[in-house]
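Next comes my_file.cif, with mmCIF, C-alpha atoms.
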```cif
data_start
#
loop_
_atom_site.label_atom_id
_atom_site.label_comp_id
_atom_site.auth_asym_id
_atom_site.auth_seq_id
_atom_site.Cartn_x
_atom_site.Cartn_y
_atom_site.Cartn_z
CA MET A 1 -20.96 26.93 -40.86
CA GLU A 2 -24.64 26.40 -41.76
CA ALA A 3 -26.02 22.91 -41.24
CA ALA A 4 -27.22 22.84 -44.85
CA VAL A 5 -23.64 23.02 -46.10
CA LEU A 6 -23.06 19.56 -44.75
CA THR A 7 -26.50 18.00 -45.20
CA ASP A 8 -26.78 19.14 -48.86
CA ARG A 9 -23.41 17.73 -49.74
CA PHE A 10 -23.86 14.49 -47.81
CA PRO A 11 -27.60 13.57 -47.91
CA ARG A 12 -27.19 10.74 -45.41
CA THR A 13 -25.99 13.23 -42.77
CA GLN A 14 -28.53 14.23 -40.11
CA VAL A 15 -28.49 17.05 -37.59
CA LEU A 16 -28.56 15.80 -34.00
CA PRO A 17 -29.93 17.79 -31.06
CA SER A 18 -27.12 19.28 -29.02
CA GLN A 19 -26.65 21.64 -26.07
CA ASP A 20 -23.37 23.18 -27.09
CA MET A 21 -22.05 22.77 -30.62
CA PRO A 22 -23.42 21.75 -34.05
CA THR A 23 -23.68 17.97 -34.05
CA TYR A 24 -24.19 15.64 -36.98
CA GLN A 25 -24.89 11.98 -37.43
CA VAL A 26 -22.60 10.88 -40.25
CA ALA A 27 -22.79 7.60 -42.14
CA GLY A 28 -19.63 5.50 -41.94
CA GLU A 29 -19.23 5.53 -45.73
CA ASP A 30 -19.28 9.34 -45.74
CA LEU A 31 -16.96 9.88 -42.79
CA LEU A 32 -13.64 10.26 -44.62
CA GLU A 33 -15.10 12.58 -47.26
CA THR A 34 -16.93 14.61 -44.59
CA VAL A 35 -13.82 15.10 -42.49
CA ARG A 36 -11.80 15.95 -45.60
CA PHE A 37 -14.44 18.45 -46.74
CA LEU A 38 -14.60 20.05 -43.29
CA ARG A 39 -10.81 20.24 -43.12
CA ASP A 40 -10.07 21.55 -46.61
CA ALA A 41 -13.17 23.60 -47.51
CA GLN A 42 -14.58 24.68 -44.13
CA GLY A 43 -11.41 25.28 -42.14
CA PHE A 44 -11.97 22.64 -39.43
CA ASP A 45 -8.27 21.95 -39.34
CA LEU A 46 -7.80 20.62 -35.82
CA LEU A 47 -9.03 17.30 -34.48
CA ALA A 48 -9.75 18.18 -30.87
CA ASP A 49 -11.03 14.82 -29.69
CA LEU A 50 -12.01 11.36 -30.80
CA CYS A 51 -13.61 8.86 -28.48
CA GLY A 52 -15.81 5.79 -28.41
CA ILE A 53 -19.26 5.43 -26.88
CA ASP A 54 -21.01 2.27 -25.70
CA TRP A 55 -24.76 2.88 -26.24
CA LYS A 56 -25.54 -0.53 -24.70
CA ASP A 57 -29.04 -1.12 -26.16
CA ARG A 58 -28.77 0.69 -29.50
CA THR A 59 -27.92 -0.84 -32.84
CA PRO A 60 -25.14 -0.42 -33.75
CA ARG A 61 -24.05 -0.68 -30.14
CA PHE A 62 -20.89 1.42 -30.44
CA GLY A 63 -20.35 4.90 -31.78
CA VAL A 64 -17.40 7.17 -32.37
CA VAL A 65 -17.55 10.89 -31.62
CA ILE A 66 -15.18 13.30 -33.33
CA HIS A 67 -14.75 16.93 -32.27
CA LEU A 68 -13.27 19.22 -34.90
CA LEU A 69 -12.11 22.78 -34.27
CA SER A 70 -11.68 25.53 -36.81
CA THR A 71 -8.72 27.62 -35.73
CA THR A 72 -9.72 30.37 -38.21
CA HIS A 73 -13.48 30.62 -37.46
CA LYS A 74 -13.15 29.61 -33.79
CA GLU A 75 -15.94 27.08 -34.21
CA TYR A 76 -16.42 23.52 -33.09
CA VAL A 77 -18.31 20.75 -34.82
CA ARG A 78 -19.15 17.31 -33.49
CA LEU A 79 -19.62 14.21 -35.65
CA HIS A 80 -21.13 10.96 -34.47
CA VAL A 81 -20.57 7.77 -36.45
CA GLY A 82 -22.28 4.50 -35.66
CA ALA A 83 -19.86 1.56 -35.66
CA VAL A 84 -21.63 -0.90 -37.96
CA HIS A 85 -20.12 -4.35 -37.27
CA ASP A 86 -17.99 -2.55 -34.64
CA THR A 87 -16.02 -0.93 -37.46
CA VAL A 88 -15.47 2.71 -38.36
CA PRO A 89 -13.15 4.14 -41.04
CA SER A 90 -9.95 5.56 -39.59
CA VAL A 91 -9.45 9.30 -39.98
CA SER A 92 -5.78 9.15 -39.04
CA SER A 93 -4.81 9.58 -42.70
CA LEU A 94 -6.45 13.03 -42.59
CA HIS A 95 -5.64 13.98 -38.99
CA PRO A 96 -2.49 12.20 -37.76
CA GLY A 97 -3.51 13.16 -34.22
CA ALA A 98 -6.34 10.63 -34.43
CA ASN A 99 -3.86 7.77 -34.41
CA TRP A 100 -3.55 7.26 -30.65
CA HIS A 101 -7.17 8.30 -29.98
CA GLU A 102 -8.34 5.52 -32.26
CA ARG A 103 -6.00 3.05 -30.60
CA GLU A 104 -7.49 4.01 -27.25
CA ALA A 105 -11.06 3.64 -28.55
CA PHE A 106 -10.10 0.21 -29.86
CA ASP A 107 -8.45 -0.74 -26.58
CA MET A 108 -11.30 0.41 -24.35
CA PHE A 109 -14.36 -0.46 -26.52
CA GLY A 110 -13.18 -2.92 -29.15
CA ILE A 111 -14.13 -0.62 -32.02
CA ARG A 112 -12.02 -1.45 -35.06
CA PHE A 113 -10.75 1.37 -37.25
CA ASP A 114 -10.55 0.48 -40.92
CA GLY A 115 -7.29 1.64 -42.47
CA HIS A 116 -5.53 2.43 -39.21
CA PRO A 117 -1.74 2.22 -39.72
CA ASP A 118 -1.03 0.60 -36.32
CA PRO A 119 -4.16 -1.02 -34.84
CA ARG A 120 -2.71 -2.15 -31.50
CA ARG A 121 -3.87 -1.63 -27.95
CA ILE A 122 -2.41 1.43 -26.30
CA LEU A 123 -3.24 1.34 -22.57
CA MET A 124 -3.70 -2.33 -21.73
CA TRP A 125 -1.15 -4.92 -22.80
CA ASP A 126 -1.48 -6.66 -26.15
CA ALA A 127 -2.71 -10.02 -24.82
CA TYR A 128 -5.45 -8.51 -22.62
CA PRO A 129 -8.70 -10.26 -23.61
CA TYR A 130 -11.32 -7.62 -22.64
CA HIS A 131 -12.32 -4.05 -23.49
CA PRO A 132 -12.67 -2.41 -20.08
CA LEU A 133 -14.85 0.64 -20.82
CA ARG A 134 -17.70 -1.44 -22.23
CA LYS A 135 -20.80 -1.11 -20.08
CA ASP A 136 -20.90 -4.85 -19.30
CA PHE A 137 -17.34 -4.87 -17.94
CA PRO A 138 -17.12 -4.65 -14.13
CA LEU A 139 -14.99 -1.77 -12.84
CA ALA A 140 -13.15 -4.11 -10.48
CA GLY A 141 -11.91 -6.19 -13.41
CA ILE A 142 -11.92 -9.85 -14.38
CA GLU A 143 -9.21 -12.29 -13.40
CA VAL A 144 -6.67 -12.97 -16.16
CA PRO A 145 -2.98 -14.01 -16.10
CA LEU A 146 -0.28 -11.36 -15.68
CA PRO A 147 1.16 -10.00 -18.95
CA ALA A 148 4.53 -11.70 -18.35
CA ALA A 149 4.45 -15.47 -17.85
CA ASP A 150 7.85 -15.60 -16.10
CA VAL A 151 6.88 -12.92 -13.57
CA ALA A 152 3.57 -14.69 -12.96
CA GLU A 153 5.46 -17.93 -12.33
CA VAL A 154 7.84 -16.37 -9.79
CA THR A 155 5.22 -14.30 -7.97
CA GLY A 156 2.11 -16.48 -8.35
CA GLN A 157 0.20 -13.28 -9.05
CA THR A 158 -2.68 -12.78 -11.45
CA VAL A 159 -4.64 -9.74 -12.57
CA GLU A 160 -7.34 -10.09 -9.94
CA PRO A 161 -10.57 -8.13 -9.42
CA ALA A 162 -9.82 -5.22 -7.13
CA PRO A 163 -11.77 -5.25 -3.86
CA MET A 164 -14.44 -2.53 -3.95
CA MET A 165 -16.21 -3.08 -0.65
CA GLY A 166 -14.25 -2.96 2.55
CA GLY A 167 -11.90 -0.41 1.06
CA PRO A 168 -11.09 2.78 2.91
CA PHE A 169 -13.75 4.79 1.08
CA VAL A 170 -17.16 3.30 0.36
CA SER A 171 -20.17 5.01 -1.14
CA PRO A 172 -23.30 4.13 0.88
CA GLY A 173 -25.59 4.52 -2.14
CA GLY A 174 -28.97 6.29 -2.10
CA LYS A 175 -29.21 9.97 -3.01
CA MET A 176 -26.14 11.51 -4.58
CA SER A 177 -26.08 14.37 -2.04
CA GLU A 178 -26.03 11.86 0.80
CA GLY A 179 -23.93 9.35 -1.05
CA GLU A 180 -20.64 11.19 -0.73
CA PRO A 181 -17.90 8.59 -0.19
CA SER A 182 -16.80 8.73 3.42
CA ALA A 183 -14.70 6.81 5.89
CA LEU A 184 -16.36 3.68 7.26
CA ASP A 185 -15.58 4.65 10.83
CA GLN A 186 -17.89 7.52 11.79
CA SER A 187 -17.21 7.38 15.57
CA TRP A 188 -15.63 10.82 15.23
CA ASN A 189 -15.91 13.36 12.43
CA GLU A 190 -16.41 17.11 11.86
CA GLU A 191 -19.57 17.16 14.00
CA LYS A 192 -18.57 14.70 16.71
CA PRO A 193 -15.15 15.39 18.27
CA LYS A 194 -12.92 12.51 19.15
CA ALA A 195 -13.70 11.10 22.61
CA MET B 1 25.42 1.74 15.13
CA VAL B 2 23.89 0.37 18.31
CA LYS B 3 26.03 0.99 21.37
CA SER B 4 26.22 -2.67 22.38
CA ASP B 5 27.79 -3.46 19.02
CA PHE B 6 31.03 -1.93 20.30
CA GLY B 7 33.35 -3.24 22.91
CA TYR B 8 35.26 -0.06 23.55
CA ASN B 9 36.90 1.05 26.73
CA SER B 10 39.51 3.69 26.00
CA LYS B 11 41.48 2.93 29.16
CA ILE B 12 41.87 -0.75 28.41
CA GLU B 13 41.65 -0.94 24.64
CA GLY B 14 43.55 2.16 23.65
CA GLU B 15 42.70 2.93 20.06
CA VAL B 16 41.25 -0.48 19.24
CA ILE B 17 37.51 -1.01 18.79
CA VAL B 18 36.17 -4.54 19.12
CA THR B 19 32.96 -5.32 17.25
CA ARG B 20 31.27 -7.92 15.09
CA ALA B 21 31.77 -8.17 11.36
CA ASP B 22 27.98 -8.09 10.88
CA ALA B 23 27.71 -4.83 12.78
CA VAL B 24 30.39 -3.17 10.68
CA VAL B 25 28.96 -4.45 7.41
CA ASN B 26 25.45 -3.36 8.35
CA TRP B 27 26.70 0.05 9.49
CA VAL B 28 28.43 0.58 6.16
CA ARG B 29 25.43 -0.60 4.17
CA SER B 30 22.91 1.45 6.09
CA ASN B 31 24.83 4.66 5.56
CA SER B 32 25.28 4.34 1.82
CA VAL B 33 21.93 3.14 0.51
CA TRP B 34 21.88 3.93 -3.18
CA PRO B 35 18.24 4.31 -4.16
CA MET B 36 16.67 3.36 -7.48
CA PRO B 37 13.90 5.91 -8.01
CA MET B 38 11.03 3.86 -9.47
CA GLY B 39 8.97 7.00 -10.00
CA LEU B 40 5.55 6.12 -11.40
CA ALA B 41 3.25 8.95 -10.30
CA CYS B 42 2.99 12.04 -8.10
CA CYS B 43 4.95 10.37 -5.28
CA ALA B 44 8.01 10.76 -7.48
CA ILE B 45 7.64 14.54 -7.18
CA GLU B 46 7.89 14.26 -3.41
CA LEU B 47 10.83 11.92 -3.90
CA MET B 48 12.53 14.63 -5.93
CA GLY B 49 11.67 17.08 -3.16
CA ALA B 50 13.40 14.80 -0.67
CA GLY B 51 16.46 14.87 -2.92
CA GLY B 52 16.54 18.66 -3.06
CA SER B 53 18.39 21.02 -0.75
CA ARG B 54 15.45 21.73 1.56
CA PHE B 55 15.00 18.15 2.74
CA ASP B 56 18.40 16.87 1.66
CA ILE B 57 18.31 13.08 1.64
CA SER B 58 22.12 13.13 1.39
CA ARG B 59 22.25 13.67 5.17
CA PHE B 60 21.54 9.95 5.34
CA GLY B 61 23.95 8.88 2.62
CA MET B 62 21.17 8.27 0.09
CA GLU B 63 21.66 11.06 -2.39
CA VAL B 64 23.20 8.82 -5.03
CA MET B 65 20.06 8.08 -7.06
CA ARG B 66 21.01 5.45 -9.60
CA PHE B 67 18.89 5.03 -12.67
CA SER B 68 20.53 1.71 -13.40
CA PRO B 69 19.28 -1.16 -11.23
CA ARG B 70 22.75 -2.74 -11.39
CA GLN B 71 24.16 0.06 -9.25
CA ALA B 72 21.35 0.44 -6.75
CA ASP B 73 20.58 -1.11 -3.35
CA CYS B 74 17.09 0.11 -2.63
CA MET B 75 14.16 0.43 -4.99
CA ILE B 76 11.80 3.22 -3.94
CA VAL B 77 8.50 2.40 -5.65
CA ALA B 78 6.96 5.87 -5.78
CA GLY B 79 3.55 5.77 -7.38
CA THR B 80 0.76 3.73 -8.89
CA VAL B 81 1.85 0.34 -10.20
CA THR B 82 -0.35 -0.77 -13.07
CA TYR B 83 -0.45 -4.38 -14.18
CA LYS B 84 1.28 -3.36 -17.38
CA MET B 85 4.11 -1.76 -15.38
CA ALA B 86 4.25 -4.56 -12.77
CA GLU B 87 6.24 -6.73 -15.14
CA VAL B 88 8.84 -3.97 -15.56
CA VAL B 89 9.04 -3.31 -11.81
CA ARG B 90 9.69 -6.99 -11.15
CA ARG B 91 12.31 -7.21 -13.91
CA ILE B 92 14.16 -4.17 -12.57
CA TYR B 93 14.03 -5.66 -9.09
CA ASP B 94 15.51 -8.89 -10.45
CA GLN B 95 18.34 -6.93 -12.07
CA MET B 96 19.41 -5.32 -8.80
CA ALA B 97 22.36 -6.94 -7.07
CA GLU B 98 22.03 -8.39 -3.57
CA PRO B 99 21.72 -7.08 -0.93
CA LYS B 100 18.62 -5.12 -1.95
CA TRP B 101 15.65 -3.53 -0.27
CA VAL B 102 12.30 -2.21 -1.46
CA VAL B 103 10.39 0.78 -0.10
CA ALA B 104 6.71 1.12 -1.05
CA MET B 105 6.18 4.87 -1.02
CA GLY B 106 2.60 6.09 -0.71
CA ALA B 107 -0.86 4.57 -0.71
CA CYS B 108 -0.80 3.30 -4.31
CA ALA B 109 2.45 1.38 -4.04
CA SER B 110 1.42 -0.01 -0.65
CA SER B 111 -2.14 -1.11 -1.42
CA GLY B 112 -3.34 0.19 -4.76
CA GLY B 113 -4.61 3.29 -2.97
CA MET B 114 -7.78 4.78 -4.41
CA TYR B 115 -7.32 2.90 -7.68
CA ARG B 116 -9.56 -0.11 -7.17
CA SER B 117 -9.84 -0.95 -10.82
CA TYR B 118 -9.05 -3.48 -13.49
CA ALA B 119 -5.75 -1.78 -14.34
CA THR B 120 -3.98 -1.31 -11.02
CA LEU B 121 -1.92 -3.78 -9.01
CA GLN B 122 -3.29 -3.79 -5.46
CA GLY B 123 0.03 -3.26 -3.72
CA VAL B 124 3.54 -3.75 -5.03
CA ASP B 125 4.11 -6.41 -2.34
CA ASN B 126 2.19 -8.75 -4.64
CA ILE B 127 5.22 -8.95 -6.91
CA VAL B 128 8.28 -7.91 -4.89
CA PRO B 129 9.14 -8.25 -1.18
CA VAL B 130 8.68 -4.88 0.53
CA ASP B 131 10.72 -3.78 3.55
CA ILE B 132 9.12 -0.44 4.40
CA TYR B 133 5.64 0.93 3.66
CA ILE B 134 5.17 4.70 3.81
CA SER B 135 1.64 6.04 4.20
CA GLY B 136 0.45 9.21 2.52
CA CYS B 137 -1.02 10.32 -0.77
CA PRO B 138 1.58 11.40 -1.59
CA PRO B 139 3.77 11.26 1.54
CA ARG B 140 5.65 14.44 2.34
CA PRO B 141 9.44 14.30 2.03
CA GLU B 142 9.66 14.12 5.84
CA ALA B 143 7.60 10.92 5.74
CA LEU B 144 9.93 9.48 3.12
CA LEU B 145 12.97 10.41 5.20
CA ASP B 146 11.34 8.82 8.24
CA GLY B 147 10.74 5.66 6.24
CA MET B 148 14.30 5.63 4.98
CA MET B 149 15.61 6.04 8.54
CA LEU B 150 13.44 3.08 9.52
CA LEU B 151 15.02 1.15 6.68
CA GLN B 152 18.47 2.08 7.99
CA GLU B 153 17.43 0.77 11.39
CA LYS B 154 16.24 -2.43 9.77
CA ILE B 155 19.49 -2.87 7.85
CA ARG B 156 21.50 -2.36 11.06
CA GLN B 157 19.58 -5.15 12.77
CA GLU B 158 20.01 -7.67 10.00
CA GLY B 159 21.69 -10.85 11.11
CA GLY B 160 24.04 -12.91 8.99
CA SER B 161 24.95 -10.04 6.70
CA LEU B 162 27.63 -12.13 5.05
CA LYS B 163 25.09 -14.73 4.03
CA ARG B 164 23.71 -13.79 0.68
CA THR B 165 21.37 -15.52 -1.67
CA PHE B 166 22.66 -16.33 -5.11
CA ARG B 167 20.20 -17.70 -7.65
CA GLY B 168 17.91 -18.82 -4.88
CA ARG B 169 20.60 -20.59 -2.81
CA THR B 170 22.10 -19.16 0.36
CA VAL B 171 25.82 -18.64 -0.07
CA GLU B 172 28.07 -17.94 2.90
CA THR B 173 31.02 -15.67 2.31
CA LYS B 174 34.10 -17.10 3.98
CA ILE B 175 36.27 -14.72 5.93
CA VAL B 176 39.95 -15.40 5.25
CA ARG B 177 42.10 -14.50 8.22
#
```
Will you turn the file into structure tokens for me?
Amino acid sequence: MEAAVLTDRFPRTQVLPSQDMPTYQVAGEDLLETVRFLRDAQGFDLLADLCGIDWKDRTPRFGVVIHLLSTTHKEYVRLHVGAVHDTVPSVSSLHPGANWHEREAFDMFGIRFDGHPDPRRILMWDAYPYHPLRKDFPLAGIEVPLPAADVAEVTGQTVEPAPMMGGPFVSPGGKMSEGEPSALDQSWNEEKPKA
Amino acid sequence: MVKSDFGYNSKIEGEVIVTRADAVVNWVRSNSVWPMPMGLACCAIELMGAGGSRFDISRFGMEVMRFSPRQADCMIVAGTVTYKMAEVVRRIYDQMAEPKWVVAMGACASSGGMYRSYATLQGVDNIVPVDIYISGCPPRPEALLDGMMLLQEKIRQEGGSLKRTFRGRTVETKIVR
């Protein structure tokens, strides 16, 4: 598919630089029509992937990336949509496979999908207050109560930040080639046999 | 059964064995542990391997895997326990009838393993009492069998087998002669 096919039909669409497949920046208002056009007129009939991106210092901060595959032309196309006000139109009415992908993007990034039939979390539990794949969320987690109040009462357990340091495998930092995670105890290893 | 649990001298006793009720009860329990396979990740594959003919967990009287907690004695937590699943694990544990035991199989169930993240419970002993920890990622079936034999040993050494807890209170079963 030539880039002009898309950019002529949707003037707000821009071509983005890409290493592998044709990539377009699509305006949120055009997204549904673009995906419908690609599906019905250009043969991009399979939604291969849909995921969120946290750009951290861009505006809008979040984006959604959609990979479409044409099973007849054996071609991929990638669409990027900026999430203005953290909201993107849902494409699950066109590609039912997008349903759970969009729920995951909502769960992990807090991107809302307009028109989604079932906008719930999918990986974390419903009452979880954070979106863990955002760049400002610590990998170890933030302390919150357990999902079930009765279990929390019996066990006295909370969702606590997981200990990163002092674990069995710790990355020493520095250069990547030297920063391979390794056991803390280096008194014997491949080079030095055990005394 | 430990030798000292018997008082048996064939010349004096004839065909009568003298022992303690605890020893008999523990012997019976230890040889028919009905496991509840709480399979949550790859450890469950090794658990299945232990159930197959090559490793044959039925040599130890444990082949009766029950998928209903009401019929099981021993919950084998095989795999990564996420916080979302922790609630379910605890509920299933609560549904098991006393006496009951828990085996934490593998690194994840024992300590969270390599998953030091916002989503993973750092050891199933945070929510249920664990009797046996088995190391490995995942442990081989031999390691599981070794752990289960340790559990049998533990069951055989339990004192006061006829004392059971019921809704948090200790209840003593009376022996009617």
Select residues of chain A: the criterion is any atom within 8 Å of an atom of chain B, counting all atoms listed in the file; output as a PyMOL selection string. chain A and resi 124-125+132+139-142+146-148+151+155+157+159-164
Nearby residues (all atoms listed in the file) at most 9 Å from Leu47 (chain B), same-chain spacing under 6 positions excluded, as a PDB file with C-alpha atoms, keeping the file's coordinate frame:
```
ATOM      1  CA  PRO B  37      13.900   5.910  -8.010  1.00  0.00           C
ATOM      2  CA  GLY B  39       8.970   7.000 -10.000  1.00  0.00           C
ATOM      3  CA  ILE B  76      11.800   3.220  -3.940  1.00  0.00           C
ATOM      4  CA  ALA B  78       6.960   5.870  -5.780  1.00  0.00           C
ATOM      5  CA  MET B 105       6.180   4.870  -1.020  1.00  0.00           C
ATOM      6  CA  PRO B 139       3.770  11.260   1.540  1.00  0.00           C
ATOM      7  CA  ARG B 140       5.650  14.440   2.340  1.00  0.00           C
ATOM      8  CA  PRO B 141       9.440  14.300   2.030  1.00  0.00           C
ATOM      9  CA  LEU B 144       9.930   9.480   3.120  1.00  0.00           C
TER      10      LEU B 144
END
```
Given the PyMOL selection byres ((chain A and resi 92) around 10), the residues it picks as a VMD selection string: chain A and resid 32 47 89 to 91 93 to 102 113 115 to 117
Nearest residue to Leu150 (chain B) out of B:Met48, B:Ser30, B:Gly14, B:Ser53, using only C-alpha atoms?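 Of all the options, B:Ser30 lies closest to Leu150 (chain B).
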For Gly159 (chain B), find every residue with an atom within 12 Å (counting all atoms listed in the file), except residues of its own chain fewer than 6 positions away, and show them as number ranges by chain. B: 20-26
Using CA of Pro99 (chain B) and CA of Val77 (chain B) as the two end points, give the distance in Å to one decimal.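 Taking CA of Pro99 (chain B) as the start and CA of Val77 (chain B) as the end point, the length is 16.9 Å.
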Show which residues sit within 6 Å of region 9-25 of chain A, as a PyMOL selection string. Count only C-alpha atoms, and ignore same-chain residues fewer than 2 positions away. chain A and resi 6-7+77-80
Neighbouring residues of Leu133 (chain A) were defined as those with any atom within 10 Å, considering all atoms listed in the file; residues of the same chain fewer than 6 positions away were excluded. Please report them as a list of chain:residue names.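 Here the answer would be A:Gly52, A:Ile53, A:Asp54, A:Ala105, A:Asp107, A:Met108, A:Phe109, A:Gly110, A:Leu139.
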Produce a file of the selected residues containing C-alpha atoms, as a JSON list (two decimals), in the frame of the given file.
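Saved the output as out.json:
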```
[["chain", "number", "residue", "atom", "x", "y", "z"],
["A", 52, "GLY", "CA", -15.81, 5.79, -28.41],
["A", 53, "ILE", "CA", -19.26, 5.43, -26.88],
["A", 54, "ASP", "CA", -21.01, 2.27, -25.70],
["A", 105, "ALA", "CA", -11.06, 3.64, -28.55],
["A", 107, "ASP", "CA", -8.45, -0.74, -26.58],
["A", 108, "MET", "CA", -11.30, 0.41, -24.35],
["A", 109, "PHE", "CA", -14.36, -0.46, -26.52],
["A", 110, "GLY", "CA", -13.18, -2.92, -29.15],
["A", 139, "LEU", "CA", -14.99, -1.77, -12.84]]
```
If the PyMOL selection byres ((chain A and resi 122) around 6) is run on the structure shown, which residues does it catch, given as a VMD selection string? chain A and resid 103 to 104 121 123
What does the distance from CA of Val144 (chain A) to CA of Arg120 (chain A) come to in Å, to one decimal?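 For CA of Val144 (chain A) relative to CA of Arg120 (chain A), the distance reads 19.2 Å.
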Around (20.3, -5.4, -10.5), as given in the file, which residues come within 12 Å? Count only C-alpha atoms and list them as a PyMOL selection string. chain B and resi 34-36+66-75+89-101
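Those DNA, RNA and protein residues that approach the point (0.6, 7.4, 1.4) to within 9 Å, considering all atoms listed in the file, are Cys43, Met105, Gly106, Ala107, Cys108, Ala109, Ser110, Gly113, Tyr133, Ile134, Ser135, Gly136, Cys137, Pro138, Pro139, Arg140 and Ala143 of chain B.
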Need the shell around Leu151 (chain B): protein/DNA/RNA residues with any atom at most 8 Å away, counting only C-alpha atoms. Skip same-chain ones fewer than 3 positions apart. Format as a list of chain:residue names?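 Everything that qualifies: B:Ser30, B:Asp131, B:Ile132, B:Gly147, B:Met148, B:Lys154, B:Ile155.
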On this structure, the PyMOL selection byres ((chain B and resi 62) around 8) would catch which residues? List them as a list in words, sorted by chain and number.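 Output from the PyMOL selection byres ((chain B and resi 62) around 8), applied to this file: Asn31, Ser32, Val33, Trp34, Pro35, Ile57, Ser58, Arg59, Phe60, Gly61, Glu63, Val64 and Met65 of chain B.
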CA of Val35 (chain A) to CA of Leu69 (chain A), distance in Å rounded to a single decimal: 11.4 Å
